[in-house]
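Shown next: input.pdb, containing PDB, C-alpha atoms.
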```pdb
MODEL        1
ATOM      1  CA  MET A   1      63.757  35.722  57.785  1.00  0.00           C
ATOM      2  CA  LYS A   2      62.666  36.791  54.342  1.00  0.00           C
ATOM      3  CA  PHE A   3      60.131  34.481  52.541  1.00  0.00           C
ATOM      4  CA  ASN A   4      61.078  33.729  48.916  1.00  0.00           C
ATOM      5  CA  PHE A   5      57.812  33.936  46.928  1.00  0.00           C
ATOM      6  CA  ASN A   6      59.607  33.577  43.637  1.00  0.00           C
ATOM      7  CA  ALA A   7      61.029  30.189  44.651  1.00  0.00           C
ATOM      8  CA  VAL A   8      57.593  28.923  45.695  1.00  0.00           C
ATOM      9  CA  LYS A   9      56.140  30.113  42.394  1.00  0.00           C
ATOM     10  CA  GLN A  10      58.823  28.372  40.402  1.00  0.00           C
ATOM     11  CA  PHE A  11      58.245  25.186  42.440  1.00  0.00           C
ATOM     12  CA  PHE A  12      54.533  25.118  41.517  1.00  0.00           C
ATOM     13  CA  LEU A  13      55.122  25.935  37.852  1.00  0.00           C
ATOM     14  CA  ASN A  14      58.030  23.583  37.250  1.00  0.00           C
ATOM     15  CA  PHE A  15      57.298  20.650  39.517  1.00  0.00           C
ATOM     16  CA  LEU A  16      53.926  20.372  41.306  1.00  0.00           C
ATOM     17  CA  ILE A  17      51.556  21.373  38.450  1.00  0.00           C
ATOM     18  CA  PRO A  18      53.137  18.965  35.912  1.00  0.00           C
ATOM     19  CA  ILE A  19      52.899  16.155  38.488  1.00  0.00           C
ATOM     20  CA  ILE A  20      49.204  16.938  39.111  1.00  0.00           C
ATOM     21  CA  SER A  21      48.526  17.100  35.350  1.00  0.00           C
ATOM     22  CA  LEU A  22      50.309  13.815  34.847  1.00  0.00           C
ATOM     23  CA  GLY A  23      48.267  12.250  37.656  1.00  0.00           C
ATOM     24  CA  ILE A  24      44.978  13.499  36.154  1.00  0.00           C
ATOM     25  CA  THR A  25      46.031  12.158  32.764  1.00  0.00           C
ATOM     26  CA  GLY A  26      46.784   8.781  34.333  1.00  0.00           C
ATOM     27  CA  VAL A  27      43.406   8.697  36.069  1.00  0.00           C
ATOM     28  CA  LEU A  28      41.629   9.612  32.821  1.00  0.00           C
ATOM     29  CA  PHE A  29      43.538   6.924  30.954  1.00  0.00           C
ATOM     30  CA  VAL A  30      42.632   4.267  33.525  1.00  0.00           C
ATOM     31  CA  LEU A  31      38.994   5.286  33.980  1.00  0.00           C
ATOM     32  CA  VAL A  32      38.032   6.553  30.485  1.00  0.00           C
ATOM     33  CA  ILE A  33      40.484   5.961  27.668  1.00  0.00           C
ATOM     34  CA  TYR A  34      41.498   2.373  28.425  1.00  0.00           C
ATOM     35  CA  PRO A  35      37.912   1.082  28.900  1.00  0.00           C
ATOM     36  CA  SER A  36      36.963   2.815  25.645  1.00  0.00           C
ATOM     37  CA  LEU A  37      39.839   1.140  23.829  1.00  0.00           C
ATOM     38  CA  ILE A  38      38.715  -2.233  25.174  1.00  0.00           C
ATOM     39  CA  LYS A  39      35.116  -1.608  24.057  1.00  0.00           C
ATOM     40  CA  LEU A  40      36.133  -0.303  20.614  1.00  0.00           C
ATOM     41  CA  PRO A  41      35.995  -3.697  18.791  1.00  0.00           C
ATOM     42  CA  VAL A  42      32.615  -4.432  20.362  1.00  0.00           C
ATOM     43  CA  LEU A  43      31.338  -0.992  19.387  1.00  0.00           C
ATOM     44  CA  ASN A  44      32.585  -1.494  15.815  1.00  0.00           C
ATOM     45  CA  LYS A  45      30.662  -4.765  15.601  1.00  0.00           C
ATOM     46  CA  GLU A  46      27.539  -3.068  16.949  1.00  0.00           C
ATOM     47  CA  VAL A  47      27.869  -0.262  14.399  1.00  0.00           C
ATOM     48  CA  GLN A  48      28.294  -2.759  11.558  1.00  0.00           C
ATOM     49  CA  SER A  49      25.280  -4.695  12.838  1.00  0.00           C
ATOM     50  CA  LYS A  50      23.184  -1.509  13.005  1.00  0.00           C
ATOM     51  CA  VAL A  51      24.234  -0.494   9.479  1.00  0.00           C
ATOM     52  CA  LYS A  52      23.329  -3.953   8.184  1.00  0.00           C
ATOM     53  CA  LEU A  53      19.979  -3.803   9.977  1.00  0.00           C
ATOM     54  CA  LYS A  54      19.317  -0.358   8.495  1.00  0.00           C
ATOM     55  CA  ASP A  55      19.993  -1.660   4.970  1.00  0.00           C
ATOM     56  CA  GLN A  56      17.709  -4.644   5.584  1.00  0.00           C
ATOM     57  CA  LEU A  57      14.943  -2.388   6.918  1.00  0.00           C
ATOM     58  CA  LEU A  58      15.239  -0.100   3.892  1.00  0.00           C
ATOM     59  CA  ASP A  59      14.964  -3.083   1.563  1.00  0.00           C
ATOM     60  CA  PHE A  60      12.059  -4.412   3.627  1.00  0.00           C
ATOM     61  CA  LYS A  61      10.338  -1.010   3.486  1.00  0.00           C
ATOM     62  CA  SER A  62      10.648  -0.798  -0.292  1.00  0.00           C
ATOM     63  CA  VAL A  63       9.145  -4.287  -0.683  1.00  0.00           C
ATOM     64  CA  VAL A  64       6.363  -3.558   1.804  1.00  0.00           C
ATOM     65  CA  ASP A  65       5.556  -0.238   0.097  1.00  0.00           C
ATOM     66  CA  GLU A  66       5.367  -1.972  -3.284  1.00  0.00           C
ATOM     67  CA  ASN A  67       3.176  -4.779  -1.942  1.00  0.00           C
ATOM     68  CA  SER A  68       0.982  -2.299  -0.076  1.00  0.00           C
ATOM     69  CA  SER A  69       0.456  -0.322  -3.280  1.00  0.00           C
ATOM     70  CA  LEU A  70      -0.537  -3.497  -5.126  1.00  0.00           C
ATOM     71  CA  VAL A  71      -2.987  -4.558  -2.410  1.00  0.00           C
ATOM     72  CA  SER A  72      -4.514  -1.068  -2.244  1.00  0.00           C
ATOM     73  CA  GLN A  73      -5.263  -1.388  -5.957  1.00  0.00           C
ATOM     74  CA  ALA A  74      -7.161  -4.615  -5.282  1.00  0.00           C
ATOM     75  CA  ILE A  75      -9.039  -3.382  -2.198  1.00  0.00           C
ATOM     76  CA  SER A  76      -9.504   0.367  -2.244  1.00  0.00           C
ATOM     77  CA  SER A  77      -9.310   2.372   0.977  1.00  0.00           C
ATOM     78  CA  ALA A  78     -12.153   4.591  -0.288  1.00  0.00           C
ATOM     79  CA  THR A  79     -15.313   4.086  -2.310  1.00  0.00           C
ATOM     80  CA  ASN A  80     -13.959   5.688  -5.509  1.00  0.00           C
ATOM     81  CA  ALA A  81     -17.334   4.986  -7.113  1.00  0.00           C
ATOM     82  CA  PRO A  82     -16.789   7.077 -10.304  1.00  0.00           C
ATOM     83  CA  GLN A  83     -13.504   5.286 -11.018  1.00  0.00           C
ATOM     84  CA  LEU A  84     -15.138   1.916 -10.305  1.00  0.00           C
ATOM     85  CA  LEU A  85     -18.026   2.596 -12.696  1.00  0.00           C
ATOM     86  CA  THR A  86     -15.600   3.739 -15.382  1.00  0.00           C
ATOM     87  CA  GLN A  87     -13.511   0.609 -14.885  1.00  0.00           C
ATOM     88  CA  ILE A  88     -16.543  -1.690 -15.171  1.00  0.00           C
ATOM     89  CA  ASP A  89     -17.760   0.215 -18.222  1.00  0.00           C
ATOM     90  CA  THR A  90     -14.299  -0.131 -19.816  1.00  0.00           C
ATOM     91  CA  ILE A  91     -14.115  -3.857 -19.064  1.00  0.00           C
ATOM     92  CA  ALA A  92     -17.594  -4.430 -20.466  1.00  0.00           C
ATOM     93  CA  LYS A  93     -16.840  -2.567 -23.690  1.00  0.00           C
ATOM     94  CA  ASP A  94     -13.439  -4.242 -24.065  1.00  0.00           C
ATOM     95  CA  SER A  95     -15.256  -7.576 -23.746  1.00  0.00           C
ATOM     96  CA  GLY A  96     -17.593  -6.620 -26.591  1.00  0.00           C
ATOM     97  CA  LEU A  97     -20.711  -5.920 -24.525  1.00  0.00           C
ATOM     98  CA  THR A  98     -23.040  -3.029 -25.187  1.00  0.00           C
ATOM     99  CA  VAL A  99     -23.635  -1.191 -21.906  1.00  0.00           C
ATOM    100  CA  LEU A 100     -27.283  -0.215 -21.455  1.00  0.00           C
ATOM    101  CA  ARG A 101     -27.511   0.740 -17.770  1.00  0.00           C
ATOM    102  CA  LEU A 102     -24.979   1.419 -15.050  1.00  0.00           C
ATOM    103  CA  SER A 103     -25.730   2.544 -11.492  1.00  0.00           C
ATOM    104  CA  TYR A 104     -24.372   2.067  -7.991  1.00  0.00           C
ATOM    105  CA  SER A 105     -25.280   2.113  -4.312  1.00  0.00           C
ATOM    106  CA  PHE A 106     -23.560   1.317  -1.017  1.00  0.00           C
ATOM    107  CA  GLY A 107     -24.060  -1.650   1.277  1.00  0.00           C
ATOM    108  CA  GLU A 108     -22.481  -4.272   3.511  1.00  0.00           C
ATOM    109  CA  VAL A 109     -21.643  -7.918   3.009  1.00  0.00           C
ATOM    110  CA  ALA A 110     -20.925 -10.598   5.632  1.00  0.00           C
ATOM    111  CA  VAL A 111     -17.350 -11.872   5.423  1.00  0.00           C
ATOM    112  CA  ALA A 112     -16.778 -13.919   8.588  1.00  0.00           C
ATOM    113  CA  VAL A 113     -17.924 -14.767  12.106  1.00  0.00           C
ATOM    114  CA  ASP A 114     -15.703 -13.950  15.091  1.00  0.00           C
ATOM    115  CA  GLU A 115     -15.060 -16.096  18.180  1.00  0.00           C
ATOM    116  CA  LYS A 116     -18.105 -14.660  19.970  1.00  0.00           C
ATOM    117  CA  GLY A 117     -20.386 -15.553  17.079  1.00  0.00           C
ATOM    118  CA  ALA A 118     -20.787 -11.956  15.935  1.00  0.00           C
ATOM    119  CA  GLU A 119     -20.945 -11.450  12.199  1.00  0.00           C
ATOM    120  CA  LYS A 120     -18.204  -9.401  10.603  1.00  0.00           C
ATOM    121  CA  THR A 121     -19.184  -7.254   7.656  1.00  0.00           C
ATOM    122  CA  ASN A 122     -17.328  -5.358   4.982  1.00  0.00           C
ATOM    123  CA  ASP A 123     -18.423  -2.186   3.198  1.00  0.00           C
ATOM    124  CA  VAL A 124     -19.028  -2.621  -0.528  1.00  0.00           C
ATOM    125  CA  VAL A 125     -20.002  -0.599  -3.550  1.00  0.00           C
ATOM    126  CA  ILE A 126     -22.925  -2.341  -5.265  1.00  0.00           C
ATOM    127  CA  VAL A 127     -23.012  -1.844  -9.035  1.00  0.00           C
ATOM    128  CA  ASN A 128     -25.952  -2.740 -11.263  1.00  0.00           C
ATOM    129  CA  LEU A 129     -24.922  -3.290 -14.865  1.00  0.00           C
ATOM    130  CA  GLY A 130     -27.311  -3.848 -17.730  1.00  0.00           C
ATOM    131  CA  ALA A 131     -25.681  -4.970 -20.955  1.00  0.00           C
ATOM    132  CA  GLN A 132     -26.293  -6.822 -24.190  1.00  0.00           C
ATOM    133  CA  GLY A 133     -24.031  -9.248 -26.006  1.00  0.00           C
ATOM    134  CA  THR A 134     -23.325 -12.813 -26.988  1.00  0.00           C
ATOM    135  CA  TYR A 135     -22.594 -15.715 -24.652  1.00  0.00           C
ATOM    136  CA  LEU A 136     -18.886 -15.503 -25.509  1.00  0.00           C
ATOM    137  CA  GLN A 137     -18.818 -11.765 -24.745  1.00  0.00           C
ATOM    138  CA  VAL A 138     -20.527 -12.346 -21.395  1.00  0.00           C
ATOM    139  CA  LYS A 139     -17.971 -15.048 -20.618  1.00  0.00           C
ATOM    140  CA  ASN A 140     -15.098 -12.739 -21.598  1.00  0.00           C
ATOM    141  CA  PHE A 141     -16.538 -10.007 -19.366  1.00  0.00           C
ATOM    142  CA  ALA A 142     -16.584 -12.351 -16.361  1.00  0.00           C
ATOM    143  CA  GLN A 143     -12.977 -13.424 -17.024  1.00  0.00           C
ATOM    144  CA  ASN A 144     -11.738  -9.848 -17.542  1.00  0.00           C
ATOM    145  CA  LEU A 145     -13.562  -8.776 -14.397  1.00  0.00           C
ATOM    146  CA  GLU A 146     -11.803 -11.527 -12.450  1.00  0.00           C
ATOM    147  CA  ASN A 147      -8.412 -10.427 -13.776  1.00  0.00           C
ATOM    148  CA  SER A 148      -8.903  -6.717 -13.066  1.00  0.00           C
ATOM    149  CA  SER A 149      -6.830  -5.044 -10.374  1.00  0.00           C
ATOM    150  CA  ARG A 150      -9.706  -3.855  -8.184  1.00  0.00           C
ATOM    151  CA  LEU A 151     -11.581  -6.709  -6.548  1.00  0.00           C
ATOM    152  CA  ILE A 152     -15.084  -7.021  -8.064  1.00  0.00           C
ATOM    153  CA  ASN A 153     -17.356  -9.934  -7.231  1.00  0.00           C
ATOM    154  CA  ILE A 154     -20.347 -11.050  -9.287  1.00  0.00           C
ATOM    155  CA  LYS A 155     -23.057 -11.397  -6.657  1.00  0.00           C
ATOM    156  CA  ASP A 156     -25.843 -12.232  -9.075  1.00  0.00           C
ATOM    157  CA  PHE A 157     -26.727 -12.070 -12.764  1.00  0.00           C
ATOM    158  CA  ARG A 158     -29.789 -12.709 -14.900  1.00  0.00           C
ATOM    159  CA  PHE A 159     -30.110 -13.029 -18.639  1.00  0.00           C
ATOM    160  CA  SER A 160     -32.725 -13.488 -21.320  1.00  0.00           C
ATOM    161  CA  LEU A 161     -32.604 -13.938 -25.065  1.00  0.00           C
ATOM    162  CA  ASP A 162     -33.622 -11.014 -27.251  1.00  0.00           C
ATOM    163  CA  ASN A 163     -35.494 -12.580 -30.159  1.00  0.00           C
ATOM    164  CA  GLU A 164     -34.886  -9.588 -32.418  1.00  0.00           C
ATOM    165  CA  THR A 165     -31.132  -9.212 -31.963  1.00  0.00           C
ATOM    166  CA  LYS A 166     -30.507 -12.857 -31.018  1.00  0.00           C
ATOM    167  CA  GLN A 167     -28.305 -11.594 -28.218  1.00  0.00           C
ATOM    168  CA  LEU A 168     -28.453 -11.915 -24.461  1.00  0.00           C
ATOM    169  CA  ASP A 169     -29.868  -9.164 -22.297  1.00  0.00           C
ATOM    170  CA  VAL A 170     -27.805  -9.482 -19.096  1.00  0.00           C
ATOM    171  CA  VAL A 171     -28.178  -7.790 -15.727  1.00  0.00           C
ATOM    172  CA  PHE A 172     -25.192  -8.068 -13.360  1.00  0.00           C
ATOM    173  CA  VAL A 173     -25.178  -7.251  -9.655  1.00  0.00           C
ATOM    174  CA  LEU A 174     -21.547  -6.569  -8.771  1.00  0.00           C
ATOM    175  CA  GLU A 175     -19.897  -5.910  -5.419  1.00  0.00           C
ATOM    176  CA  SER A 176     -16.558  -4.208  -4.856  1.00  0.00           C
ATOM    177  CA  PRO A 177     -15.279  -4.051  -1.253  1.00  0.00           C
ATOM    178  CA  TYR A 178     -13.472  -1.078   0.184  1.00  0.00           C
ATOM    179  CA  GLN A 179     -11.747  -0.813   3.531  1.00  0.00           C
ATOM    180  CA  PHE A 180     -11.056   2.322   5.550  1.00  0.00           C
ATOM    181  CA  VAL A 181      -7.730   1.736   7.307  1.00  0.00           C
ATOM    182  CA  ASN A 182      -7.073   3.529  10.610  1.00  0.00           C
ATOM    183  CA  SER A 183      -3.757   2.160  11.804  1.00  0.00           C
ATOM    184  CA  THR A 184      -1.647   3.193  14.788  1.00  0.00           C
ATOM    185  CA  ALA A 185       1.978   2.177  14.967  1.00  0.00           C
ATOM    186  CA  VAL A 186       3.356   0.645  18.178  1.00  0.00           C
ATOM    187  CA  THR A 187       7.115   0.638  17.823  1.00  0.00           C
ATOM    188  CA  ASP A 188       7.733  -1.472  20.933  1.00  0.00           C
ATOM    189  CA  ASP A 189       5.784  -4.459  19.630  1.00  0.00           C
ATOM    190  CA  PRO A 190       7.465  -6.642  16.995  1.00  0.00           C
ATOM    191  CA  VAL A 191       5.759  -7.061  13.623  1.00  0.00           C
ATOM    192  CA  ASN A 192       5.563 -10.759  12.826  1.00  0.00           C
ATOM    193  CA  ILE A 193       5.413 -10.892   9.050  1.00  0.00           C
ATOM    194  CA  ASP A 194       7.381 -13.039   6.648  1.00  0.00           C
ATOM    195  CA  ILE A 195       7.347 -11.542   3.155  1.00  0.00           C
ATOM    196  CA  THR A 196       9.226 -14.587   1.838  1.00  0.00           C
ATOM    197  CA  LYS A 197       6.554 -17.070   2.912  1.00  0.00           C
ATOM    198  CA  ASP A 198       5.217 -19.136   0.013  1.00  0.00           C
ATOM    199  CA  ASP A 199       1.559 -18.271   0.635  1.00  0.00           C
ATOM    200  CA  PHE A 200       2.351 -14.559   0.836  1.00  0.00           C
ATOM    201  CA  VAL A 201       4.510 -14.605  -2.304  1.00  0.00           C
ATOM    202  CA  THR A 202       1.818 -16.530  -4.201  1.00  0.00           C
ATOM    203  CA  ILE A 203      -0.834 -13.951  -3.322  1.00  0.00           C
ATOM    204  CA  ILE A 204       1.406 -11.015  -4.233  1.00  0.00           C
ATOM    205  CA  ASN A 205       2.377 -12.613  -7.549  1.00  0.00           C
ATOM    206  CA  LYS A 206      -1.295 -13.142  -8.336  1.00  0.00           C
ATOM    207  CA  VAL A 207      -2.038  -9.490  -7.554  1.00  0.00           C
ATOM    208  CA  LYS A 208       0.885  -8.440  -9.758  1.00  0.00           C
ATOM    209  CA  GLY A 209      -0.653 -10.407 -12.628  1.00  0.00           C
ATOM    210  CA  LEU A 210      -3.940  -8.476 -12.460  1.00  0.00           C
ATOM    211  CA  LYS A 211      -4.668  -5.758 -15.009  1.00  0.00           C
ATOM    212  CA  TYR A 212      -4.558  -2.282 -13.536  1.00  0.00           C
ATOM    213  CA  TYR A 213      -6.827   0.396 -14.970  1.00  0.00           C
ATOM    214  CA  ASN A 214      -5.319   3.832 -14.448  1.00  0.00           C
ATOM    215  CA  ILE A 215      -8.574   5.708 -13.995  1.00  0.00           C
ATOM    216  CA  SER A 216      -8.660   9.143 -12.392  1.00  0.00           C
ATOM    217  CA  ILE A 217     -11.222  11.909 -12.100  1.00  0.00           C
ATOM    218  CA  GLU A 218      -9.310  13.839 -14.774  1.00  0.00           C
ATOM    219  CA  ASN A 219      -9.568  10.893 -17.188  1.00  0.00           C
ATOM    220  CA  ILE A 220     -13.287  10.545 -16.469  1.00  0.00           C
ATOM    221  CA  SER A 221     -13.831  14.258 -17.146  1.00  0.00           C
ATOM    222  CA  GLN A 222     -11.847  14.084 -20.385  1.00  0.00           C
ATOM    223  CA  GLN A 223     -13.795  11.037 -21.581  1.00  0.00           C
ATOM    224  CA  ALA A 224     -17.112  12.717 -20.728  1.00  0.00           C
ATOM    225  CA  GLN A 225     -16.045  15.858 -22.581  1.00  0.00           C
ATOM    226  CA  LYS A 226     -15.020  13.853 -25.670  1.00  0.00           C
ATOM    227  CA  ALA A 227     -18.304  11.930 -25.581  1.00  0.00           C
ATOM    228  CA  ALA A 228     -20.246  15.209 -25.372  1.00  0.00           C
ATOM    229  CA  GLU A 229     -18.285  16.671 -28.301  1.00  0.00           C
ATOM    230  CA  VAL A 230     -18.918  13.562 -30.413  1.00  0.00           C
ATOM    231  CA  LYS A 231     -22.625  13.642 -29.543  1.00  0.00           C
ATOM    232  CA  GLU A 232     -22.889  17.349 -30.356  1.00  0.00           C
ATOM    233  CA  SER A 233     -21.041  16.853 -33.663  1.00  0.00           C
ATOM    234  CA  THR A 234     -23.330  13.945 -34.573  1.00  0.00           C
ATOM    235  CA  GLU A 235     -26.496  15.872 -33.739  1.00  0.00           C
ATOM    236  CA  SER A 236     -25.362  18.906 -35.745  1.00  0.00           C
ATOM    237  CA  THR A 237     -24.648  16.821 -38.866  1.00  0.00           C
ATOM    238  CA  PRO A 238     -27.616  17.043 -41.294  1.00  0.00           C
TER     239      PRO A 238
ENDMDL
END
```
Translate the structure of the given file into structure tokens.
Amino acid sequence: MKFNFNAVKQFFLNFLIPIISLGITGVLFVLVIYPSLIKLPVLNKEVQSKVKLKDQLLDFKSVVDENSSLVSQAISSATNAPQLLTQIDTIAKDSGLTVLRLSYSFGEVAVAVDEKGAEKTNDVVIVNLGAQGTYLQVKNFAQNLENSSRLINIKDFRFSLDNETKQLDVVFVLESPYQFVNSTAVTDDPVNIDITKDDFVTIINKVKGLKYYNISIENISQQAQKAAEVKESTESTP
């Protein structure tokens, strides 16, 4: 009896393979496609929720970055002593005072006491300012200092009356805190902060109302160069 290989081949190609393919397709539909179709509305909602959350986080980031920049102007993350001295000198002169002496040093100031009774301190730049002016000019200096962007506290001041000029000789001891920030982000822990809280908004609005002095090393160098040129020109004039 002769075996018909051609008939067997035709049977597999025309009948058995299509049935197997159809069966696989049915299994895939039941196990993969149909469950995906059922989950599609839920997945769409999740995607929309994630997109909305992303937009909210971007808005939140922009607000936080802006507020962080404002706060960093009030409390510097570095000493920035030359800029601080230039700012104080500018405020004093804008207030009408004549600056006689200006120097600085570094120190610490107690800010709080923790639960264990240990004293917490904050690093500060201590500035000694000697100036001369009227009572009104001294008052204006204190007000302008309070409204400046970088936080500067008047720790102490002394004054005496100059009988010749009839003006006050004033010595200010000023303190400006700075805070080195070494932060590490922990993404698993939630950040509990409400940037819409009334107390927070009030503080930020107050910081926004402070006068910012754009003082850089380049500006200081330019001012020093101009002052030297004016001094040289004055000395050379007969």
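Remark: for Leu210 (chain A), the closest of the candidate residues A:Ala74, A:Val27, A:Val32, A:Val173 is A:Ala74 (distances computed over only C-alpha atoms).
Closest approach to Ser149 (chain A) among A:Ser95, A:Pro82, A:Ser69, A:Gln132: A:Ser69, based on only C-alpha atoms.
Here CA of Asn214 (chain A) and CA of Val125 (chain A) stand 18.8 Å from one another.
The gap separating CA of Lys50 (chain A) from CA of Lys197 (chain A) is 24.9 Å, in Å to one decimal.
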### Message
As an exercise, work out the distance from CA of Leu43 (chain A) to CA of Leu57 (chain A) in Å and give it to one decimal place.
### Response
20.6 Å
